[in-house]
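The block underneath contains the structure these notes are about, expressed in structure tokens.
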Amino acid sequence: GQNIDQPTEMTATEGAIVQINCTYQTSGFNGLFWYQQHAGEAPTFLSYNVLDGLEEKGRFSSFLSRSKGYSYLLLKELQMKDSASYLCAVSDKAAGNKLTFGGGTRVLVKP
Amino acid sequence: GAVVSQHPSWVICKSGTSVKIECRSLDFQATTMFWYRQFPKQSLMLMATSNEGSKATYEQGVEKDKFLINHASLTLSTLTVTSAHPEDSSFYICSASNTNQPQHFGDGTRLSIL
């Protein structure tokens, strides 16, 4: 099986930076995904990491360390519209590349 | 980016009714489609994985006779909730992928059974 842990909730101020950590355990790691989900809506794809290191995409960056089973999503210059749940998901080769999702981190951006 | 269309977006019906949900990948061929269910304030739970032209693989605890999945083409998969009951009320979300595309999600279907 897979264990994926991420904090339940985080609060930050508009314009600030927030880092959402995700730790995982899996037997056949084949990539880690971050999705954003606004309340009442379906998730939207943010990033994909399969090799160690930092992937930057505008205000959002995602980091992966396979040896530590660790990833983070960094949100910079926070905007009110960034208030959402952020889902960490791991793809497992041994499970046919299915995604297993963490519980999600609800980020609340305050003015 | 890749577009996945899911229809209908909202269904309200009486207990005992069967409900069909469609998932279409509009701009890429989806060799694999996934069906998820999400209860309020919980994460996505995978129900089944569907590969084009073959039978769906269901997750443990998901009744295949109740949740019928068909993936007849590379752009369309359907989920039919048979004889739906109030406990089946949930947010159902499909996703589509292939070897070149990560999973992209449809907009979801909110199902309410009275």
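Residues in the structure tokens are numbered from 1 in each chain, the chains being A, B, ... in the order shown, and ligands are numbered from 1 in the order shown.
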Item to complete: For segment 106-111 of chain B, please output as a ChimeraX atom specification all residues within 10 Å (counting only C-alpha atoms; exclusion window: fewer than 2 positions along the same chain).
Response: /A:40-44 /B:3-13,19,21-25,35-38,81,84,86,88-96,103-104,113-114
Based on the selection just made, write C-alpha atoms of those residues as a tab-separated table (two decimals), in the first residue's frame.
```tsv
chain	number	residue	atom	x	y	z
A	40	GLY	CA	-17.07	22.28	-5.34
A	41	GLU	CA	-14.88	21.87	-8.41
A	42	ALA	CA	-12.76	19.08	-9.90
A	43	PRO	CA	-8.96	19.08	-9.47
A	44	THR	CA	-6.73	20.83	-11.98
B	3	VAL	CA	-9.56	18.98	-22.03
B	4	VAL	CA	-11.79	16.38	-20.44
B	5	SER	CA	-15.52	16.90	-20.56
B	6	GLN	CA	-17.89	15.27	-18.09
B	7	HIS	CA	-21.66	15.27	-18.40
B	8	PRO	CA	-24.03	15.87	-16.69
B	9	SER	CA	-22.61	18.21	-14.08
B	10	TRP	CA	-25.54	17.80	-11.69
B	11	VAL	CA	-28.13	15.06	-11.25
B	12	ILE	CA	-31.00	14.88	-8.78
B	13	CYS	CA	-33.16	11.78	-8.97
B	19	VAL	CA	-27.82	7.29	-13.64
B	21	ILE	CA	-22.34	9.76	-16.47
B	22	GLU	CA	-20.21	10.39	-19.55
B	23	CYS	CA	-16.53	11.30	-19.67
B	24	ARG	CA	-14.94	12.47	-22.91
B	25	SER	CA	-11.37	13.43	-23.72
B	35	TRP	CA	-13.40	7.11	-12.04
B	36	TYR	CA	-13.23	8.69	-8.60
B	37	ARG	CA	-15.72	9.51	-5.89
B	38	GLN	CA	-15.31	12.33	-3.42
B	81	VAL	CA	-24.80	3.99	-11.13
B	84	ALA	CA	-28.98	4.47	-6.95
B	86	PRO	CA	-29.19	8.07	-1.03
B	88	ASP	CA	-24.60	6.87	-3.43
B	89	SER	CA	-24.97	10.65	-3.34
B	90	SER	CA	-21.50	12.04	-3.95
B	91	PHE	CA	-19.26	13.97	-6.31
B	92	TYR	CA	-18.11	11.66	-9.12
B	93	ILE	CA	-15.08	12.72	-11.13
B	94	CYS	CA	-13.46	11.10	-14.14
B	95	SER	CA	-9.95	11.58	-15.43
B	96	ALA	CA	-8.22	10.62	-18.64
B	103	GLN	CA	-4.33	12.54	-15.57
B	104	HIS	CA	-6.59	15.43	-16.52
B	113	ILE	CA	-30.37	10.76	-4.67
B	114	LEU	CA	-33.61	11.60	-2.88
```
Worksheet item: Within 8 Å of Gly16 of chain B, counting only C-alpha atoms, which residues qualify if same-chain residues fewer than 6 places away don't, as a ChimeraX atom specification?
Response: /B:82-85
Worksheet item: Pick from B:Leu26, B:Ala48, B:Ser18, B:Leu79: nearest to chain A, with only C-alpha atoms counted?
Response: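 Under the stated criterion, the closest residue is B:Ala48.
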Check: which chain A residues lie within 10 Å of chain B using only C-alpha atoms, as a PDB file with all heavy atoms, in the first residue's frame:
```
ATOM      1  N   GLY A  31       6.378   8.799 -10.143  1.00  0.00           N
ATOM      2  CA  GLY A  31       6.040  10.205 -10.339  1.00  0.00           C
ATOM      3  C   GLY A  31       5.131  10.742  -9.251  1.00  0.00           C
ATOM      4  O   GLY A  31       4.352   9.994  -8.643  1.00  0.00           O
ATOM      5  N   PHE A  33       2.516  14.027  -8.354  1.00  0.00           N
ATOM      6  CA  PHE A  33       1.696  15.069  -8.978  1.00  0.00           C
ATOM      7  C   PHE A  33       1.141  15.995  -7.907  1.00  0.00           C
ATOM      8  O   PHE A  33       0.851  15.560  -6.796  1.00  0.00           O
ATOM      9  CB  PHE A  33       0.513  14.448  -9.726  1.00  0.00           C
ATOM     10  CG  PHE A  33       0.894  13.535 -10.845  1.00  0.00           C
ATOM     11  CD1 PHE A  33       1.367  12.251 -10.603  1.00  0.00           C
ATOM     12  CD2 PHE A  33       0.755  13.948 -12.161  1.00  0.00           C
ATOM     13  CE1 PHE A  33       1.709  11.399 -11.641  1.00  0.00           C
ATOM     14  CE2 PHE A  33       1.089  13.102 -13.205  1.00  0.00           C
ATOM     15  CZ  PHE A  33       1.563  11.837 -12.942  1.00  0.00           C
ATOM     16  N   TYR A  35      -2.112  18.723  -7.568  1.00  0.00           N
ATOM     17  CA  TYR A  35      -3.337  19.230  -8.159  1.00  0.00           C
ATOM     18  C   TYR A  35      -3.910  20.306  -7.244  1.00  0.00           C
ATOM     19  O   TYR A  35      -3.759  20.248  -6.022  1.00  0.00           O
ATOM     20  CB  TYR A  35      -4.380  18.121  -8.337  1.00  0.00           C
ATOM     21  CG  TYR A  35      -4.085  17.138  -9.434  1.00  0.00           C
ATOM     22  CD1 TYR A  35      -3.265  16.031  -9.215  1.00  0.00           C
ATOM     23  CD2 TYR A  35      -4.639  17.299 -10.694  1.00  0.00           C
ATOM     24  CE1 TYR A  35      -3.000  15.120 -10.226  1.00  0.00           C
ATOM     25  CE2 TYR A  35      -4.386  16.387 -11.723  1.00  0.00           C
ATOM     26  CZ  TYR A  35      -3.575  15.315 -11.475  1.00  0.00           C
ATOM     27  OH  TYR A  35      -3.315  14.415 -12.480  1.00  0.00           O
ATOM     28  N   ALA A  39     -13.181  24.603  -3.944  1.00  0.00           N
ATOM     29  CA  ALA A  39     -14.361  23.991  -3.338  1.00  0.00           C
ATOM     30  C   ALA A  39     -15.459  23.777  -4.382  1.00  0.00           C
ATOM     31  O   ALA A  39     -15.805  24.693  -5.131  1.00  0.00           O
ATOM     32  CB  ALA A  39     -14.879  24.875  -2.200  1.00  0.00           C
ATOM     33  N   GLY A  40     -15.977  22.576  -4.437  1.00  0.00           N
ATOM     34  CA  GLY A  40     -17.072  22.279  -5.342  1.00  0.00           C
ATOM     35  C   GLY A  40     -16.662  22.044  -6.783  1.00  0.00           C
ATOM     36  O   GLY A  40     -17.517  21.847  -7.652  1.00  0.00           O
ATOM     37  N   GLU A  41     -15.351  22.060  -7.035  1.00  0.00           N
ATOM     38  CA  GLU A  41     -14.881  21.866  -8.411  1.00  0.00           C
ATOM     39  C   GLU A  41     -13.967  20.649  -8.478  1.00  0.00           C
ATOM     40  O   GLU A  41     -13.518  20.124  -7.465  1.00  0.00           O
ATOM     41  CB  GLU A  41     -14.129  23.107  -8.898  1.00  0.00           C
ATOM     42  CG  GLU A  41     -14.997  24.356  -8.946  1.00  0.00           C
ATOM     43  CD  GLU A  41     -14.227  25.579  -9.421  1.00  0.00           C
ATOM     44  OE1 GLU A  41     -13.096  25.429  -9.928  1.00  0.00           O
ATOM     45  OE2 GLU A  41     -14.768  26.687  -9.288  1.00  0.00           O
ATOM     46  N   ALA A  42     -13.687  20.199  -9.706  1.00  0.00           N
ATOM     47  CA  ALA A  42     -12.765  19.083  -9.904  1.00  0.00           C
ATOM     48  C   ALA A  42     -11.314  19.576  -9.807  1.00  0.00           C
ATOM     49  O   ALA A  42     -11.046  20.764  -9.955  1.00  0.00           O
ATOM     50  CB  ALA A  42     -13.019  18.444 -11.261  1.00  0.00           C
ATOM     51  N   PRO A  43     -10.376  18.683  -9.547  1.00  0.00           N
ATOM     52  CA  PRO A  43      -8.955  19.082  -9.468  1.00  0.00           C
ATOM     53  C   PRO A  43      -8.413  19.525 -10.819  1.00  0.00           C
ATOM     54  O   PRO A  43      -8.848  19.044 -11.863  1.00  0.00           O
ATOM     55  CB  PRO A  43      -8.257  17.798  -9.019  1.00  0.00           C
ATOM     56  CG  PRO A  43      -9.327  16.916  -8.484  1.00  0.00           C
ATOM     57  CD  PRO A  43     -10.569  17.265  -9.232  1.00  0.00           C
ATOM     58  N   THR A  44      -7.453  20.446 -10.770  1.00  0.00           N
ATOM     59  CA  THR A  44      -6.727  20.833 -11.983  1.00  0.00           C
ATOM     60  C   THR A  44      -5.251  20.547 -11.783  1.00  0.00           C
ATOM     61  O   THR A  44      -4.700  20.769 -10.696  1.00  0.00           O
ATOM     62  CB  THR A  44      -6.932  22.310 -12.339  1.00  0.00           C
ATOM     63  OG1 THR A  44      -6.570  23.101 -11.187  1.00  0.00           O
ATOM     64  CG2 THR A  44      -8.372  22.612 -12.705  1.00  0.00           C
ATOM     65  N   PHE A  45      -4.617  20.074 -12.825  1.00  0.00           N
ATOM     66  CA  PHE A  45      -3.221  19.658 -12.778  1.00  0.00           C
ATOM     67  C   PHE A  45      -2.309  20.870 -12.593  1.00  0.00           C
ATOM     68  O   PHE A  45      -2.439  21.883 -13.267  1.00  0.00           O
ATOM     69  CB  PHE A  45      -2.883  18.932 -14.091  1.00  0.00           C
ATOM     70  CG  PHE A  45      -1.426  18.642 -14.293  1.00  0.00           C
ATOM     71  CD1 PHE A  45      -0.810  17.626 -13.589  1.00  0.00           C
ATOM     72  CD2 PHE A  45      -0.678  19.382 -15.198  1.00  0.00           C
ATOM     73  CE1 PHE A  45       0.540  17.347 -13.783  1.00  0.00           C
ATOM     74  CE2 PHE A  45       0.663  19.114 -15.400  1.00  0.00           C
ATOM     75  CZ  PHE A  45       1.277  18.091 -14.691  1.00  0.00           C
ATOM     76  N   SER A  47       1.459  20.242 -11.383  1.00  0.00           N
ATOM     77  CA  SER A  47       2.854  19.903 -11.656  1.00  0.00           C
ATOM     78  C   SER A  47       3.075  18.404 -11.556  1.00  0.00           C
ATOM     79  O   SER A  47       2.268  17.667 -10.982  1.00  0.00           O
ATOM     80  CB  SER A  47       3.775  20.608 -10.666  1.00  0.00           C
ATOM     81  OG  SER A  47       3.600  20.058  -9.365  1.00  0.00           O
ATOM     82  N   TYR A  48       4.205  17.988 -12.123  1.00  0.00           N
ATOM     83  CA  TYR A  48       4.598  16.578 -12.139  1.00  0.00           C
ATOM     84  C   TYR A  48       6.100  16.510 -11.927  1.00  0.00           C
ATOM     85  O   TYR A  48       6.857  17.184 -12.626  1.00  0.00           O
ATOM     86  CB  TYR A  48       4.208  15.974 -13.490  1.00  0.00           C
ATOM     87  CG  TYR A  48       4.781  14.601 -13.784  1.00  0.00           C
ATOM     88  CD1 TYR A  48       4.451  13.510 -12.998  1.00  0.00           C
ATOM     89  CD2 TYR A  48       5.620  14.396 -14.878  1.00  0.00           C
ATOM     90  CE1 TYR A  48       4.953  12.251 -13.284  1.00  0.00           C
ATOM     91  CE2 TYR A  48       6.121  13.137 -15.162  1.00  0.00           C
ATOM     92  CZ  TYR A  48       5.786  12.072 -14.369  1.00  0.00           C
ATOM     93  OH  TYR A  48       6.279  10.823 -14.657  1.00  0.00           O
ATOM     94  N   SER A  85      -7.827  23.673  -2.008  1.00  0.00           N
ATOM     95  CA  SER A  85      -7.140  22.488  -1.503  1.00  0.00           C
ATOM     96  C   SER A  85      -6.067  22.080  -2.492  1.00  0.00           C
ATOM     97  O   SER A  85      -6.282  22.182  -3.711  1.00  0.00           O
ATOM     98  CB  SER A  85      -8.115  21.324  -1.320  1.00  0.00           C
ATOM     99  OG  SER A  85      -8.860  21.471  -0.151  1.00  0.00           O
ATOM    100  N   LEU A  87      -3.705  18.930  -3.591  1.00  0.00           N
ATOM    101  CA  LEU A  87      -3.638  17.479  -3.450  1.00  0.00           C
ATOM    102  C   LEU A  87      -2.309  16.956  -3.962  1.00  0.00           C
ATOM    103  O   LEU A  87      -1.922  17.243  -5.097  1.00  0.00           O
ATOM    104  CB  LEU A  87      -4.775  16.818  -4.248  1.00  0.00           C
ATOM    105  CG  LEU A  87      -6.183  17.356  -4.015  1.00  0.00           C
ATOM    106  CD1 LEU A  87      -7.170  16.661  -4.957  1.00  0.00           C
ATOM    107  CD2 LEU A  87      -6.607  17.146  -2.585  1.00  0.00           C
ATOM    108  N   ALA A  89      -0.342  13.601  -5.056  1.00  0.00           N
ATOM    109  CA  ALA A  89      -0.721  12.272  -5.534  1.00  0.00           C
ATOM    110  C   ALA A  89       0.510  11.559  -6.081  1.00  0.00           C
ATOM    111  O   ALA A  89       1.346  12.173  -6.748  1.00  0.00           O
ATOM    112  CB  ALA A  89      -1.793  12.375  -6.620  1.00  0.00           C
ATOM    113  N   GLY A  96      -0.078  -0.338 -11.514  1.00  0.00           N
ATOM    114  CA  GLY A  96      -0.557   0.037 -12.839  1.00  0.00           C
ATOM    115  C   GLY A  96      -0.598   1.527 -13.081  1.00  0.00           C
ATOM    116  O   GLY A  96      -1.416   2.023 -13.853  1.00  0.00           O
ATOM    117  N   LYS A  98      -1.626   3.819 -11.225  1.00  0.00           N
ATOM    118  CA  LYS A  98      -2.755   4.539 -10.633  1.00  0.00           C
ATOM    119  C   LYS A  98      -2.211   5.630  -9.728  1.00  0.00           C
ATOM    120  O   LYS A  98      -1.121   5.526  -9.188  1.00  0.00           O
ATOM    121  CB  LYS A  98      -3.606   3.587  -9.788  1.00  0.00           C
ATOM    122  CG  LYS A  98      -4.318   2.524 -10.576  1.00  0.00           C
ATOM    123  CD  LYS A  98      -5.229   1.697  -9.705  1.00  0.00           C
ATOM    124  CE  LYS A  98      -4.480   0.973  -8.617  1.00  0.00           C
ATOM    125  NZ  LYS A  98      -5.345  -0.001  -7.907  1.00  0.00           N
ATOM    126  N   LEU A  99      -3.023   6.668  -9.565  1.00  0.00           N
ATOM    127  CA  LEU A  99      -2.664   7.730  -8.629  1.00  0.00           C
ATOM    128  C   LEU A  99      -3.320   7.464  -7.287  1.00  0.00           C
ATOM    129  O   LEU A  99      -4.498   7.162  -7.219  1.00  0.00           O
ATOM    130  CB  LEU A  99      -3.143   9.087  -9.130  1.00  0.00           C
ATOM    131  CG  LEU A  99      -2.397   9.729 -10.294  1.00  0.00           C
ATOM    132  CD1 LEU A  99      -2.969  11.106 -10.587  1.00  0.00           C
ATOM    133  CD2 LEU A  99      -0.916   9.826  -9.985  1.00  0.00           C
ATOM    134  N   THR A 100      -2.548   7.599  -6.226  1.00  0.00           N
ATOM    135  CA  THR A 100      -3.113   7.575  -4.883  1.00  0.00           C
ATOM    136  C   THR A 100      -2.961   8.977  -4.311  1.00  0.00           C
ATOM    137  O   THR A 100      -1.868   9.549  -4.338  1.00  0.00           O
ATOM    138  CB  THR A 100      -2.385   6.563  -3.994  1.00  0.00           C
ATOM    139  OG1 THR A 100      -2.497   5.268  -4.577  1.00  0.00           O
ATOM    140  CG2 THR A 100      -2.998   6.540  -2.605  1.00  0.00           C
ATOM    141  N   PHE A 101      -4.056   9.516  -3.822  1.00  0.00           N
ATOM    142  CA  PHE A 101      -4.069  10.900  -3.355  1.00  0.00           C
ATOM    143  C   PHE A 101      -3.893  10.993  -1.850  1.00  0.00           C
ATOM    144  O   PHE A 101      -4.394  10.166  -1.094  1.00  0.00           O
ATOM    145  CB  PHE A 101      -5.405  11.555  -3.731  1.00  0.00           C
ATOM    146  CG  PHE A 101      -5.510  11.907  -5.185  1.00  0.00           C
ATOM    147  CD1 PHE A 101      -5.890  10.954  -6.113  1.00  0.00           C
ATOM    148  CD2 PHE A 101      -5.203  13.180  -5.619  1.00  0.00           C
ATOM    149  CE1 PHE A 101      -5.970  11.268  -7.467  1.00  0.00           C
ATOM    150  CE2 PHE A 101      -5.286  13.510  -6.963  1.00  0.00           C
ATOM    151  CZ  PHE A 101      -5.669  12.552  -7.882  1.00  0.00           C
ATOM    152  N   GLY A 102      -3.175  12.032  -1.436  1.00  0.00           N
ATOM    153  CA  GLY A 102      -3.170  12.396  -0.036  1.00  0.00           C
ATOM    154  C   GLY A 102      -4.494  13.053   0.318  1.00  0.00           C
ATOM    155  O   GLY A 102      -5.350  13.265  -0.553  1.00  0.00           O
ATOM    156  N   GLY A 103      -4.651  13.371   1.577  1.00  0.00           N
ATOM    157  CA  GLY A 103      -5.912  13.943   2.040  1.00  0.00           C
ATOM    158  C   GLY A 103      -6.156  15.370   1.600  1.00  0.00           C
ATOM    159  O   GLY A 103      -7.258  15.892   1.759  1.00  0.00           O
ATOM    160  N   GLY A 104      -5.111  16.008   1.050  1.00  0.00           N
ATOM    161  CA  GLY A 104      -5.261  17.392   0.602  1.00  0.00           C
ATOM    162  C   GLY A 104      -4.934  18.383   1.701  1.00  0.00           C
ATOM    163  O   GLY A 104      -5.136  18.111   2.901  1.00  0.00           O
ATOM    164  N   THR A 105      -4.406  19.522   1.322  1.00  0.00           N
ATOM    165  CA  THR A 105      -4.106  20.609   2.247  1.00  0.00           C
ATOM    166  C   THR A 105      -4.954  21.813   1.873  1.00  0.00           C
ATOM    167  O   THR A 105      -4.835  22.326   0.755  1.00  0.00           O
ATOM    168  CB  THR A 105      -2.607  21.001   2.177  1.00  0.00           C
ATOM    169  OG1 THR A 105      -1.804  19.890   2.522  1.00  0.00           O
ATOM    170  CG2 THR A 105      -2.311  22.169   3.124  1.00  0.00           C
ATOM    171  N   ARG A 106      -5.808  22.252   2.792  1.00  0.00           N
ATOM    172  CA  ARG A 106      -6.634  23.440   2.519  1.00  0.00           C
ATOM    173  C   ARG A 106      -5.818  24.667   2.860  1.00  0.00           C
ATOM    174  O   ARG A 106      -5.377  24.834   4.003  1.00  0.00           O
ATOM    175  CB  ARG A 106      -7.913  23.404   3.360  1.00  0.00           C
ATOM    176  CG  ARG A 106      -8.996  22.536   2.777  1.00  0.00           C
ATOM    177  CD  ARG A 106     -10.337  22.764   3.465  1.00  0.00           C
ATOM    178  NE  ARG A 106     -10.280  22.470   4.891  1.00  0.00           N
ATOM    179  CZ  ARG A 106     -10.367  21.252   5.415  1.00  0.00           C
ATOM    180  NH1 ARG A 106     -10.494  20.209   4.632  1.00  0.00           N
ATOM    181  NH2 ARG A 106     -10.321  21.076   6.710  1.00  0.00           N
TER     182      ARG A 106
END
```
Item to complete: Select from chain A everything DSSP, run on the backbone, classes as strand (DSSP E), then give the selection as a ChimeraX atom specification.
Response: /A:3-5,9-13,18-25,29-37,44-49,53-57,60-65,70-75,84-92,98-101,105-110
Mind dumping a table of every segment 57-90 of chain A residue within 7 Å of segment 10-27 of chain A, with the nearest atom pair and its distance in Å to one decimal, using only C-alpha atoms, sorted by chain and rising number, as CSV?
```
residue,atom,partner,partner_atom,distance
A:Gly69,CA,A:Tyr24,CA,5.2
A:Tyr70,CA,A:Thr23,CA,4.5
A:Ser71,CA,A:Cys22,CA,5.1
A:Tyr72,CA,A:Asn21,CA,4.3
A:Leu73,CA,A:Ile20,CA,5.1
A:Leu74,CA,A:Gln19,CA,4.5
A:Leu75,CA,A:Val18,CA,5.3
A:Lys76,CA,A:Ile17,CA,4.5
A:Glu77,CA,A:Gly15,CA,4.2
A:Leu78,CA,A:Gly15,CA,4.5
A:Gln79,CA,A:Glu14,CA,5.4
A:Met80,CA,A:Glu14,CA,6.4
A:Cys88,CA,A:Cys22,CA,6.5
```
How would the residues just chosen look if you wrote them out with all heavy atoms as an mmCIF file, in the first residue's frame?
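Output saved as part00.cif:
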```cif
data_model
loop_
_atom_site.group_PDB
_atom_site.id
_atom_site.type_symbol
_atom_site.label_atom_id
_atom_site.label_comp_id
_atom_site.auth_asym_id
_atom_site.auth_seq_id
_atom_site.Cartn_x
_atom_site.Cartn_y
_atom_site.Cartn_z
ATOM 1 N N GLY A 69 11.539 10.362 0.056
ATOM 2 C CA GLY A 69 10.083 10.211 -0.078
ATOM 3 C C GLY A 69 9.370 11.499 0.258
ATOM 4 O O GLY A 69 8.382 11.519 1.007
ATOM 5 N N TYR A 70 9.858 12.586 -0.319
ATOM 6 C CA TYR A 70 9.416 13.914 0.110
ATOM 7 C C TYR A 70 9.251 14.837 -1.083
ATOM 8 O O TYR A 70 10.053 14.840 -2.018
ATOM 9 C CB TYR A 70 10.457 14.471 1.081
ATOM 10 C CG TYR A 70 10.349 15.940 1.405
ATOM 11 C CD1 TYR A 70 9.292 16.437 2.157
ATOM 12 C CD2 TYR A 70 11.313 16.839 0.948
ATOM 13 C CE1 TYR A 70 9.201 17.775 2.459
ATOM 14 C CE2 TYR A 70 11.233 18.188 1.238
ATOM 15 C CZ TYR A 70 10.173 18.654 2.004
ATOM 16 O OH TYR A 70 10.080 19.990 2.303
ATOM 17 N N SER A 71 8.199 15.620 -1.013
ATOM 18 C CA SER A 71 7.975 16.645 -2.028
ATOM 19 C C SER A 71 7.395 17.881 -1.347
ATOM 20 O O SER A 71 6.827 17.790 -0.255
ATOM 21 C CB SER A 71 6.982 16.141 -3.085
ATOM 22 O OG SER A 71 6.580 17.173 -3.969
ATOM 23 N N TYR A 72 7.554 19.018 -1.968
ATOM 24 C CA TYR A 72 6.809 20.189 -1.523
ATOM 25 C C TYR A 72 6.327 20.987 -2.718
ATOM 26 O O TYR A 72 6.930 20.972 -3.784
ATOM 27 C CB TYR A 72 7.607 21.066 -0.545
ATOM 28 C CG TYR A 72 8.819 21.786 -1.101
ATOM 29 C CD1 TYR A 72 8.711 22.876 -1.959
ATOM 30 C CD2 TYR A 72 10.099 21.389 -0.722
ATOM 31 C CE1 TYR A 72 9.833 23.539 -2.453
ATOM 32 C CE2 TYR A 72 11.229 22.047 -1.193
ATOM 33 C CZ TYR A 72 11.089 23.109 -2.062
ATOM 34 O OH TYR A 72 12.205 23.761 -2.538
ATOM 35 N N LEU A 73 5.231 21.679 -2.486
ATOM 36 C CA LEU A 73 4.685 22.629 -3.456
ATOM 37 C C LEU A 73 4.856 24.018 -2.851
ATOM 38 O O LEU A 73 4.446 24.261 -1.717
ATOM 39 C CB LEU A 73 3.209 22.344 -3.722
ATOM 40 C CG LEU A 73 2.503 23.281 -4.704
ATOM 41 C CD1 LEU A 73 3.027 23.040 -6.129
ATOM 42 C CD2 LEU A 73 0.985 23.068 -4.660
ATOM 43 N N LEU A 74 5.489 24.901 -3.593
ATOM 44 C CA LEU A 74 5.754 26.257 -3.110
ATOM 45 C C LEU A 74 4.877 27.226 -3.893
ATOM 46 O O LEU A 74 4.921 27.250 -5.123
ATOM 47 C CB LEU A 74 7.229 26.582 -3.325
ATOM 48 C CG LEU A 74 7.793 27.784 -2.587
ATOM 49 C CD1 LEU A 74 7.860 27.511 -1.088
ATOM 50 C CD2 LEU A 74 9.202 28.118 -3.107
ATOM 51 N N LEU A 75 4.101 27.995 -3.174
ATOM 52 C CA LEU A 75 3.255 28.995 -3.804
ATOM 53 C C LEU A 75 3.791 30.375 -3.434
ATOM 54 O O LEU A 75 3.842 30.739 -2.256
ATOM 55 C CB LEU A 75 1.802 28.876 -3.316
ATOM 56 C CG LEU A 75 1.190 27.488 -3.226
ATOM 57 C CD1 LEU A 75 -0.239 27.564 -2.728
ATOM 58 C CD2 LEU A 75 1.238 26.786 -4.561
ATOM 59 N N LYS A 76 4.181 31.143 -4.435
ATOM 60 C CA LYS A 76 4.766 32.472 -4.167
ATOM 61 C C LYS A 76 3.768 33.564 -4.527
ATOM 62 O O LYS A 76 2.833 33.347 -5.302
ATOM 63 C CB LYS A 76 6.038 32.650 -5.023
ATOM 64 C CG LYS A 76 7.177 31.740 -4.627
ATOM 65 C CD LYS A 76 8.429 32.020 -5.452
ATOM 66 C CE LYS A 76 8.605 30.979 -6.525
ATOM 67 N NZ LYS A 76 9.901 31.089 -7.239
ATOM 68 N N GLU A 77 4.006 34.746 -3.965
ATOM 69 C CA GLU A 77 3.161 35.929 -4.252
ATOM 70 C C GLU A 77 1.684 35.533 -4.185
ATOM 71 O O GLU A 77 0.931 35.723 -5.148
ATOM 72 C CB GLU A 77 3.495 36.488 -5.634
ATOM 73 C CG GLU A 77 4.935 36.935 -5.766
ATOM 74 C CD GLU A 77 5.319 37.211 -7.230
ATOM 75 O OE1 GLU A 77 4.420 37.490 -8.052
ATOM 76 O OE2 GLU A 77 6.518 37.107 -7.529
ATOM 77 N N LEU A 78 1.302 35.004 -3.058
ATOM 78 C CA LEU A 78 -0.040 34.459 -2.897
ATOM 79 C C LEU A 78 -1.121 35.467 -3.269
ATOM 80 O O LEU A 78 -1.051 36.648 -2.925
ATOM 81 C CB LEU A 78 -0.256 34.008 -1.451
ATOM 82 C CG LEU A 78 0.281 32.631 -1.073
ATOM 83 C CD1 LEU A 78 0.158 32.414 0.414
ATOM 84 C CD2 LEU A 78 -0.424 31.530 -1.850
ATOM 85 N N GLN A 79 -2.129 34.954 -3.943
ATOM 86 C CA GLN A 79 -3.294 35.746 -4.299
ATOM 87 C C GLN A 79 -4.527 35.118 -3.644
ATOM 88 O O GLN A 79 -4.520 33.930 -3.305
ATOM 89 C CB GLN A 79 -3.456 35.784 -5.824
ATOM 90 C CG GLN A 79 -2.252 36.384 -6.537
ATOM 91 C CD GLN A 79 -2.360 36.320 -8.049
ATOM 92 O OE1 GLN A 79 -3.409 35.971 -8.610
ATOM 93 N NE2 GLN A 79 -1.279 36.640 -8.739
ATOM 94 N N MET A 80 -5.566 35.921 -3.484
ATOM 95 C CA MET A 80 -6.781 35.414 -2.836
ATOM 96 C C MET A 80 -7.322 34.187 -3.574
ATOM 97 O O MET A 80 -7.827 33.245 -2.953
ATOM 98 C CB MET A 80 -7.855 36.512 -2.771
ATOM 99 C CG MET A 80 -7.442 37.744 -1.974
ATOM 100 S SD MET A 80 -7.084 37.364 -0.261
ATOM 101 C CE MET A 80 -8.731 37.005 0.337
ATOM 102 N N CYS A 88 -1.652 16.186 -3.121
ATOM 103 C CA CYS A 88 -0.424 15.486 -3.507
ATOM 104 C C CYS A 88 -0.842 14.080 -3.929
ATOM 105 O O CYS A 88 -1.641 13.435 -3.239
ATOM 106 C CB CYS A 88 0.497 15.455 -2.296
ATOM 107 S SG CYS A 88 1.985 14.456 -2.464
#
```
Worksheet item: In Å, with one decimal, what is the gap from atom CA of Glu59 of chain B to atom CA of His71 of chain B?
Response: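 Value for the atom CA of Glu59 of chain B-atom CA of His71 of chain B distance: 16.7 Å.
Computed from the coordinates, the atom CA of Ser50 of chain B to atom CA of Ile69 of chain B distance equals 7.4 Å.
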Worksheet item: If you run DSSP on this backbone, which residues of chain A come out as helix (DSSP H, G or I), and could you give them as a list in words?
Response: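 Reading the DSSP output for chain A, helix (DSSP H, G or I) covers Met80, Lys81, Asp82, Lys93, Ala94 and Ala95 of chain A.
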For those residues, write C-alpha atoms to a file as a compact mmCIF listing (two decimals), in the first residue's frame.
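Listed below is the output, out-v9.txt:
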```
# COMPACT_ATOMS: atom_id res chain seq x y z
CA MET A 80 -6.78 35.41 -2.84
CA LYS A 81 -7.73 33.07 -5.68
CA ASP A 82 -5.06 30.62 -4.47
CA LYS A 93 4.22 1.31 -11.24
CA ALA A 94 3.35 -1.71 -9.15
CA ALA A 95 -0.27 -0.55 -9.11
```
Worksheet item: In terms of the shortest atom-to-atom distance over only C-alpha atoms, which of B:Leu74, B:Met33, B:Met47, B:Phe39 is closest to Gln60 of chain B?
Response: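 The shortest atom-to-atom distance to Gln60 of chain B comes from B:Met47.
Take atom CA of Thr78 of chain B and atom CA of Lys20 of chain B: the distance between them is 6.7 Å.
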